[in-house]
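K.L.:
This is coords.cif (mmCIF, C-alpha atoms).
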```
data_target
loop_
_atom_site.label_atom_id
_atom_site.label_comp_id
_atom_site.auth_asym_id
_atom_site.auth_seq_id
_atom_site.Cartn_x
_atom_site.Cartn_y
_atom_site.Cartn_z
CA MET T 1 344.55 -40.07 78.19
CA LEU T 2 343.92 -39.11 74.60
CA VAL T 3 340.65 -37.44 75.57
CA ASN T 4 342.34 -35.39 78.29
CA GLN T 5 345.12 -34.28 75.91
CA PHE T 6 342.54 -33.33 73.30
CA ILE T 7 340.62 -31.25 75.87
CA ARG T 8 343.83 -29.46 76.94
CA ILE T 9 344.64 -28.63 73.31
CA ILE T 10 341.14 -27.20 72.78
CA ILE T 11 341.46 -25.03 75.91
CA LYS T 12 344.85 -23.70 74.80
CA LEU T 13 343.51 -22.84 71.36
CA ALA T 14 340.54 -21.06 72.91
CA ASP T 15 342.84 -19.06 75.21
CA TYR T 16 345.11 -18.16 72.27
CA ASN T 17 342.20 -16.98 70.12
CA CYS T 18 340.84 -14.94 73.03
CA PHE T 19 344.28 -13.38 73.56
CA CYS T 20 344.58 -12.49 69.86
CA LEU T 21 341.08 -11.00 69.86
CA LEU T 22 341.81 -8.85 72.89
CA GLY T 23 345.12 -7.74 71.38
CA SER T 24 343.40 -6.84 68.13
CA GLN T 25 340.69 -4.87 69.96
CA LYS T 26 343.30 -3.01 72.00
CA SER T 27 345.22 -2.16 68.83
CA LYS T 28 342.06 -0.77 67.24
CA VAL T 29 341.30 1.34 70.32
CA ILE T 30 344.80 2.83 70.29
CA GLN T 31 344.62 3.57 66.56
CA ASN T 32 341.31 5.40 67.07
CA MET T 33 342.76 7.59 69.80
CA LYS T 34 343.08 11.27 68.99
CA THR T 35 346.32 12.93 70.00
CA LEU T 36 346.82 16.67 70.38
CA ILE T 37 350.34 18.11 70.21
CA ILE T 38 350.96 21.51 71.80
CA TYR T 39 354.34 22.89 70.77
CA ALA T 40 355.94 25.98 72.32
CA HIS T 41 359.30 26.95 70.86
CA PRO T 42 360.17 29.65 68.28
CA ASN T 43 363.24 27.91 66.84
CA VAL T 44 362.53 25.73 63.81
CA LYS T 45 365.84 23.89 64.13
CA GLY T 46 366.92 22.74 67.55
CA HIS T 47 366.28 20.24 70.31
CA CYS T 48 362.56 20.95 70.63
CA SER T 49 361.98 20.83 66.88
CA ALA T 50 363.85 17.51 66.82
CA PHE T 51 361.44 16.29 69.48
CA LEU T 52 358.52 17.47 67.36
CA ASP T 53 359.86 15.64 64.30
CA ALA T 54 360.35 12.45 66.31
CA VAL T 55 356.85 12.70 67.79
CA VAL T 56 355.16 13.29 64.43
CA ASN T 57 357.12 10.47 62.80
CA GLY T 58 356.23 8.18 65.69
CA LEU T 59 352.53 8.99 65.41
CA LYS T 60 352.55 8.46 61.66
CA GLY T 61 354.42 5.19 62.06
CA ARG T 62 351.72 3.99 64.46
CA ASN T 63 348.92 5.25 62.18
CA LEU T 64 347.62 7.48 64.98
CA GLU T 65 345.43 10.50 64.29
CA TYR T 66 346.91 13.76 65.58
CA LYS T 67 346.59 17.54 65.45
CA LEU T 68 349.34 20.08 66.05
CA ILE T 69 349.02 23.47 67.75
CA ASP T 70 352.26 25.40 67.19
CA LEU T 71 351.81 28.41 69.49
CA TYR T 72 354.65 30.53 68.09
CA LYS T 73 353.83 29.73 64.48
CA ILE T 74 350.21 30.85 64.83
CA GLY T 75 351.25 33.94 66.79
CA TYR T 76 349.19 32.99 69.83
CA ASP T 77 348.47 35.91 72.17
CA PRO T 78 349.22 34.74 75.74
CA VAL T 79 347.99 37.91 77.45
CA LEU T 80 344.89 37.38 79.60
CA LYS T 81 342.31 40.05 78.84
CA SER T 82 340.33 41.94 81.49
CA ASP T 83 337.04 40.39 80.36
CA GLU T 84 338.59 36.89 80.72
CA LEU T 85 339.57 37.33 84.36
CA TYR T 86 337.49 34.51 85.81
CA SER T 87 338.59 35.29 89.39
CA SER T 88 336.59 38.53 88.99
CA ASP T 89 333.59 36.71 87.48
CA LYS T 90 334.59 37.67 83.93
CA THR T 91 334.02 34.62 81.73
CA LYS T 92 334.50 35.68 78.12
CA ILE T 93 336.36 33.12 76.01
CA SER T 94 337.55 34.00 72.50
CA LYS T 95 336.54 31.90 69.49
CA GLU T 96 340.15 30.81 69.10
CA ASN T 97 340.35 29.56 72.68
CA LEU T 98 336.95 27.87 72.43
CA ALA T 99 338.31 25.96 69.42
CA PHE T 100 341.37 24.94 71.47
CA GLN T 101 339.09 23.73 74.25
CA LYS T 102 337.21 21.62 71.73
CA ASP T 103 340.51 20.11 70.50
CA ILE T 104 341.53 19.28 74.07
CA ALA T 105 338.12 17.81 74.93
CA GLU T 106 338.20 15.53 71.87
CA ALA T 107 341.77 14.32 72.45
CA GLU T 108 342.39 11.25 74.59
CA ARG T 109 346.14 11.85 74.58
CA LEU T 110 348.06 15.13 74.86
CA ILE T 111 351.70 15.80 74.02
CA PHE T 112 353.50 18.96 75.11
CA ILE T 113 356.93 19.97 73.81
CA TYR T 114 358.81 22.98 75.16
CA PRO T 115 362.09 24.15 76.72
CA LEU T 116 362.64 25.02 80.35
CA TRP T 117 363.36 28.75 80.63
CA TRP T 118 364.02 30.08 84.13
CA ASN T 119 363.05 26.62 85.31
CA THR T 120 359.53 26.85 83.92
CA MET T 121 357.57 26.80 80.68
CA PRO T 122 357.77 29.62 78.09
CA ALA T 123 355.43 32.56 78.74
CA ILE T 124 353.42 31.79 75.61
CA LEU T 125 352.49 28.36 76.98
CA LYS T 126 351.73 29.77 80.45
CA GLY T 127 349.37 32.26 78.80
CA PHE T 128 347.77 29.43 76.84
CA PHE T 129 346.98 27.66 80.11
CA ASP T 130 345.69 30.91 81.65
CA ARG T 131 343.26 31.56 78.80
CA VAL T 132 342.23 28.01 77.81
CA PHE T 133 342.32 25.85 80.95
CA VAL T 134 339.65 27.87 82.71
CA PRO T 135 337.04 26.95 85.35
CA LYS T 136 334.06 24.88 84.19
CA PHE T 137 336.22 23.51 81.39
CA ALA T 138 339.41 22.26 83.04
CA PHE T 139 338.41 22.29 86.70
CA GLU T 140 335.80 23.39 89.19
CA PHE T 141 335.53 23.89 92.92
CA VAL T 142 333.37 21.51 94.92
CA LYS T 143 332.84 22.87 98.44
CA GLY T 144 336.03 24.86 98.03
CA ILE T 145 338.07 21.88 96.87
CA PRO T 146 339.39 21.86 93.27
CA TYR T 147 338.22 19.00 91.09
CA GLY T 148 339.77 18.28 87.69
CA LEU T 149 337.32 18.03 84.80
CA LEU T 150 339.76 16.51 82.30
CA ARG T 151 340.07 13.14 83.99
CA GLY T 152 340.64 10.11 81.81
CA LYS T 153 343.22 11.86 79.64
CA LYS T 154 346.97 11.23 79.63
CA ALA T 155 349.72 13.69 78.74
CA ALA T 156 353.37 13.09 77.85
CA VAL T 157 355.52 16.19 78.32
CA PHE T 158 358.84 16.43 76.48
CA ILE T 159 361.03 19.20 77.86
CA THR T 160 364.60 20.28 77.26
CA SER T 161 366.98 22.00 79.64
CA GLY T 162 370.49 23.37 79.46
CA ALA T 163 371.19 21.98 82.92
CA SER T 164 371.65 18.26 83.34
CA ASN T 165 368.84 16.17 84.78
CA PHE T 166 370.99 15.63 87.88
CA VAL T 167 371.40 19.37 88.45
CA SER T 168 367.68 19.92 87.83
CA PHE T 169 366.93 17.37 90.53
CA LEU T 170 369.61 18.19 93.09
CA PHE T 171 369.70 21.99 93.03
CA MET T 172 366.30 22.91 91.57
CA GLY T 173 364.14 20.17 93.02
CA ASN T 174 362.67 19.33 89.61
CA ARG T 175 360.41 22.38 89.93
CA GLY T 176 360.12 22.55 86.16
CA LYS T 177 358.57 19.07 86.13
CA LYS T 178 356.33 19.64 89.14
CA ALA T 179 354.88 22.84 87.68
CA ILE T 180 353.33 20.97 84.76
CA THR T 181 352.58 17.57 86.34
CA LYS T 182 351.01 18.81 89.59
CA ASP T 183 350.24 22.52 89.35
CA VAL T 184 348.65 22.53 85.88
CA LEU T 185 347.75 19.24 84.21
CA GLY T 186 347.46 17.17 87.38
CA TYR T 187 345.29 19.91 88.89
CA CYS T 188 342.91 19.40 85.95
CA GLY T 189 342.82 15.63 86.43
CA ILE T 190 345.18 14.69 83.59
CA LYS T 191 347.58 11.82 84.27
CA THR T 192 350.94 13.28 83.30
CA LYS T 193 354.55 12.18 82.96
CA VAL T 194 357.53 14.33 82.03
CA PHE T 195 360.37 13.13 79.82
CA GLN T 196 363.28 15.53 80.17
CA LEU T 197 366.36 15.86 77.99
CA GLY T 198 369.03 17.54 80.08
CA SER T 199 372.31 19.13 78.93
CA ALA T 200 370.55 20.18 75.71
CA ARG T 201 373.17 22.66 74.55
CA HIS T 202 374.54 21.07 71.36
CA LEU T 203 372.44 19.22 68.81
CA ASN T 204 374.36 16.35 67.21
CA ASP T 205 373.81 12.76 66.10
CA ASN T 206 374.22 11.47 69.64
CA THR T 207 371.63 13.92 70.96
CA LEU T 208 369.21 13.07 68.14
CA GLU T 209 369.46 9.40 69.11
CA LYS T 210 368.72 10.32 72.74
CA ILE T 211 365.67 12.28 71.58
CA LYS T 212 364.40 9.31 69.59
CA ILE T 213 364.83 7.01 72.60
CA THR T 214 363.10 9.53 74.88
CA VAL T 215 360.13 9.80 72.51
CA ASP T 216 359.90 5.99 72.26
CA ASN T 217 359.84 5.79 76.06
CA GLY T 218 357.17 8.46 76.15
CA PHE T 219 355.02 6.66 73.62
CA ASN T 220 355.38 3.34 75.46
CA TRP T 221 353.95 5.04 78.55
CA LEU T 222 351.36 7.18 76.78
CA TYR T 223 349.75 4.47 74.66
CA ARG T 224 349.93 1.45 76.94
#
```
Please, can you express the file's structure as structure tokens?
P.N.:
Amino acid sequence: MLVNQFIRIIIKLADYNCFCLLGSQKSKVIQNMKTLIIYAHPNVKGHCSAFLDAVVNGLKGRNLEYKLIDLYKIGYDPVLKSDELYSSDKTKISKENLAFQKDIAEAERLIFIYPLWWNTMPAILKGFFDRVFVPKFAFEFVKGIPYGLLRGKKAAVFITSGASNFVSFLFMGNRGKKAITKDVLGYCGIKTKVFQLGSARHLNDNTLEKIKITVDNGFNWLYR
């Protein structure tokens, strides 16, 4: 009896130590993850900037390495040039966009923050995708079938909309969500989830709390 109890205690201790070791290793892996934030909104004080603040604070609180690309702040040019038109076999990529590709390639986790305008992303972000997420970097065609080259990455997308989430779903079919999850990031092989704040018309304490909760939910999904 005593021997059997002793053996059971030893097994439990071994399982506990193994669990702690695995948890510690997982924590170290998450802390070593590189996160890239791509922000697309010109207003420095509003719902999207509140999302950015919450995201940055959350990353710092988790001791996670991150880099921020603020498209409006850097004056990013979203216009595709004639010598970049890959559908016409033009494959020039600017030094700036090559640097962005390097940032994306090195990041295990991506975070996008932007408003829904006309039920889609701002033009500056659309142009960023046009010029940066190009063939042979983000995707390729295998026997005529597109294959994403950015597999293994995850992206959390925080978007704001004046319409409520219910209206976005019922009358607009969540097209704003589908455009980023399926047509862009999913197309490139990136596992993506959208976290939308609807009825974003007045920024107050209640809305700020909703933003914080939304970011927490996004982080729980992104870093699990």
K.L.:
Could you pull out every residue with an atom within 12 Å of (369.9, 15.8, 71.4), file coordinates, counting only C-alpha atoms, and send them as a count of residues only?
P.N.:
32
K.L.:
Tell me which residues the PyMOL selection byres ((chain T and resi 176-178) around 8) grabs here, as number ranges by chain.
P.N.:
T: 116, 119-121, 174-175, 179-183, 194
K.L.:
Just the number, please: distance in Å from atom CA of T:Ile124 to atom CA of T:Glu65, one decimal.
P.N.:
25.4 Å
K.L.:
Report as a ChimeraX atom specification the residues that result from applying the PyMOL selection byres ((chain T and resi 39) around 12) to the structure here.
P.N.:
/T:36-38,40-44,48-53,55-56,67-74,76,110-115,121-122,124-125,128,157-159
K.L.:
Restricting the calculation to all atoms listed in the file, which member of T:Ala105, T:Ala138, T:Leu222, T:Leu85 is positioned closest to T:Gly186?
P.N.:
T:Ala138
K.L.:
I'd like the residues picked by the PyMOL selection byres ((chain T and resi 136) around 12) written out as a PyMOL selection string, using the chain letters and numbers from the file.
P.N.:
chain T and resi 86+91+93+101+132-135+137-142+146-150+188
K.L.:
Can you tell me how far atom CA of T:Lys92 sits from atom CA of T:Tyr66, in Å to one decimal?
P.N.:
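These two atoms are separated by 28.1 Å.
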K.L.:
If I take atom CA of T:Gly61 and atom CA of T:Tyr223, how far is one from the other in Å, to one decimal?
P.N.:
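Those two atoms sit 13.5 Å apart.
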K.L.:
Identify which of the residues T:Ser87, T:Asn57, T:Asn63, T:Thr192 lies closest to T:Met33, counting all atoms listed in the file when measuring atom-to-atom distances.
P.N.:
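Of all the options, T:Asn63 lies closest to T:Met33.
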K.L.:
Which centre and which edge lengths, in Å to one decimal, describe the axis-aligned box that holds all listed atoms of stretch 116-124 of chain T after 4 Å is added on each side, as AutoDock Vina command-line options?
P.N.:
```
--center_x 358.7 --center_y 28.8 --center_z 80.5 --size_x 18.6 --size_y 15.5 --size_z 17.7
```
K.L.:
From the structure block, carefully write stretch 51-100 of chain T out with N, CA and C atoms; format it as a compact mmCIF listing (two decimals), in the first residue's frame.
P.N.:
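Below is the file that was written, selection-v7.txt:
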```
# COMPACT_ATOMS: atom_id res chain seq x y z
N PHE T 51 -7.40 51.79 -30.55
CA PHE T 51 -7.03 50.39 -30.79
C PHE T 51 -5.51 50.25 -30.83
N LEU T 52 -4.85 51.17 -31.52
CA LEU T 52 -3.39 51.11 -31.61
C LEU T 52 -2.76 51.22 -30.23
N ASP T 53 -3.24 52.16 -29.42
CA ASP T 53 -2.71 52.31 -28.06
C ASP T 53 -2.90 51.02 -27.25
N ALA T 54 -4.09 50.44 -27.35
CA ALA T 54 -4.38 49.22 -26.60
C ALA T 54 -3.50 48.06 -27.07
N VAL T 55 -3.26 47.98 -28.38
CA VAL T 55 -2.42 46.92 -28.93
C VAL T 55 -0.97 47.07 -28.46
N VAL T 56 -0.44 48.28 -28.57
CA VAL T 56 0.94 48.54 -28.15
C VAL T 56 1.11 48.26 -26.66
N ASN T 57 0.17 48.74 -25.86
CA ASN T 57 0.25 48.50 -24.42
C ASN T 57 0.17 47.00 -24.10
N GLY T 58 -0.67 46.30 -24.85
CA GLY T 58 -0.79 44.86 -24.64
C GLY T 58 0.48 44.11 -25.00
N LEU T 59 1.12 44.53 -26.07
CA LEU T 59 2.37 43.89 -26.48
C LEU T 59 3.48 44.17 -25.48
N LYS T 60 3.55 45.41 -25.02
CA LYS T 60 4.56 45.76 -24.02
C LYS T 60 4.32 45.01 -22.72
N GLY T 61 3.05 44.90 -22.33
CA GLY T 61 2.72 44.19 -21.10
C GLY T 61 3.08 42.72 -21.15
N ARG T 62 3.11 42.16 -22.36
CA ARG T 62 3.46 40.75 -22.54
C ARG T 62 4.93 40.57 -22.93
N ASN T 63 5.68 41.69 -22.93
CA ASN T 63 7.10 41.66 -23.29
C ASN T 63 7.33 41.07 -24.67
N LEU T 64 6.46 41.42 -25.62
CA LEU T 64 6.56 40.91 -26.98
C LEU T 64 7.22 41.94 -27.89
N GLU T 65 8.11 41.47 -28.73
CA GLU T 65 8.80 42.34 -29.68
C GLU T 65 7.84 42.72 -30.81
N TYR T 66 7.83 44.00 -31.18
CA TYR T 66 6.94 44.41 -32.26
C TYR T 66 7.55 45.56 -33.07
N LYS T 67 7.00 45.75 -34.27
CA LYS T 67 7.37 46.87 -35.12
C LYS T 67 6.09 47.45 -35.69
N LEU T 68 6.06 48.77 -35.82
CA LEU T 68 4.87 49.46 -36.30
C LEU T 68 5.13 50.11 -37.66
N ILE T 69 4.22 49.85 -38.61
CA ILE T 69 4.21 50.57 -39.89
C ILE T 69 2.94 51.41 -39.90
N ASP T 70 3.10 52.72 -39.77
CA ASP T 70 1.97 53.66 -39.80
C ASP T 70 1.93 54.26 -41.20
N LEU T 71 1.05 53.76 -42.04
CA LEU T 71 1.06 54.10 -43.46
C LEU T 71 0.83 55.59 -43.72
N TYR T 72 -0.09 56.20 -42.99
CA TYR T 72 -0.35 57.63 -43.20
C TYR T 72 0.81 58.47 -42.67
N LYS T 73 1.35 58.08 -41.54
CA LYS T 73 2.42 58.86 -40.93
C LYS T 73 3.67 58.90 -41.81
N ILE T 74 3.98 57.79 -42.47
CA ILE T 74 5.17 57.75 -43.32
C ILE T 74 4.87 58.27 -44.73
N GLY T 75 3.61 58.62 -44.99
CA GLY T 75 3.25 59.13 -46.31
C GLY T 75 3.37 58.07 -47.39
N TYR T 76 2.95 56.86 -47.09
CA TYR T 76 3.10 55.77 -48.06
C TYR T 76 2.33 56.06 -49.34
N ASP T 77 2.98 55.81 -50.47
CA ASP T 77 2.37 56.01 -51.78
C ASP T 77 1.68 54.71 -52.21
N PRO T 78 0.34 54.69 -52.27
CA PRO T 78 -0.37 53.45 -52.60
C PRO T 78 -0.54 53.20 -54.09
N VAL T 79 -0.05 54.11 -54.92
CA VAL T 79 -0.30 54.00 -56.36
C VAL T 79 0.66 53.01 -57.00
N LEU T 80 0.11 51.96 -57.61
CA LEU T 80 0.92 50.97 -58.32
C LEU T 80 1.51 51.59 -59.57
N LYS T 81 2.82 51.43 -59.73
CA LYS T 81 3.51 52.03 -60.87
C LYS T 81 3.49 51.07 -62.06
N SER T 82 3.68 51.63 -63.26
CA SER T 82 3.60 50.82 -64.48
C SER T 82 4.65 49.72 -64.52
N ASP T 83 5.83 49.98 -63.94
CA ASP T 83 6.88 48.96 -63.95
C ASP T 83 6.73 47.95 -62.80
N GLU T 84 5.63 48.08 -62.02
CA GLU T 84 5.33 47.12 -60.95
C GLU T 84 4.15 46.21 -61.33
N LEU T 85 3.61 46.40 -62.51
CA LEU T 85 2.39 45.70 -62.91
C LEU T 85 2.72 44.25 -63.26
N TYR T 86 2.69 43.41 -62.23
CA TYR T 86 3.14 42.02 -62.40
C TYR T 86 2.28 41.23 -63.37
N SER T 87 1.02 41.63 -63.57
CA SER T 87 0.17 40.92 -64.53
C SER T 87 0.63 41.15 -65.97
N SER T 88 1.51 42.16 -66.15
CA SER T 88 2.10 42.42 -67.48
C SER T 88 3.58 42.09 -67.47
N ASP T 89 3.97 41.18 -66.54
CA ASP T 89 5.36 40.73 -66.43
C ASP T 89 6.32 41.84 -66.04
N LYS T 90 5.82 42.87 -65.35
CA LYS T 90 6.68 43.93 -64.81
C LYS T 90 6.88 43.62 -63.33
N THR T 91 8.12 43.47 -62.90
CA THR T 91 8.35 42.94 -61.55
C THR T 91 9.23 43.84 -60.67
N LYS T 92 9.32 45.11 -61.00
CA LYS T 92 10.13 45.99 -60.17
C LYS T 92 9.46 46.17 -58.80
N ILE T 93 10.28 46.13 -57.75
CA ILE T 93 9.80 46.37 -56.40
C ILE T 93 10.72 47.43 -55.77
N SER T 94 10.14 48.49 -55.25
CA SER T 94 10.94 49.58 -54.68
C SER T 94 11.67 49.10 -53.42
N LYS T 95 12.71 49.83 -53.04
CA LYS T 95 13.47 49.50 -51.83
C LYS T 95 12.57 49.54 -50.61
N GLU T 96 11.67 50.52 -50.58
CA GLU T 96 10.76 50.64 -49.45
C GLU T 96 9.89 49.39 -49.33
N ASN T 97 9.33 48.95 -50.44
CA ASN T 97 8.45 47.78 -50.41
C ASN T 97 9.22 46.48 -50.16
N LEU T 98 10.46 46.42 -50.61
CA LEU T 98 11.30 45.26 -50.29
C LEU T 98 11.54 45.19 -48.78
N ALA T 99 11.73 46.35 -48.16
CA ALA T 99 11.93 46.38 -46.70
C ALA T 99 10.66 45.93 -45.98
N PHE T 100 9.49 46.32 -46.51
CA PHE T 100 8.23 45.88 -45.91
C PHE T 100 8.06 44.36 -46.07
```
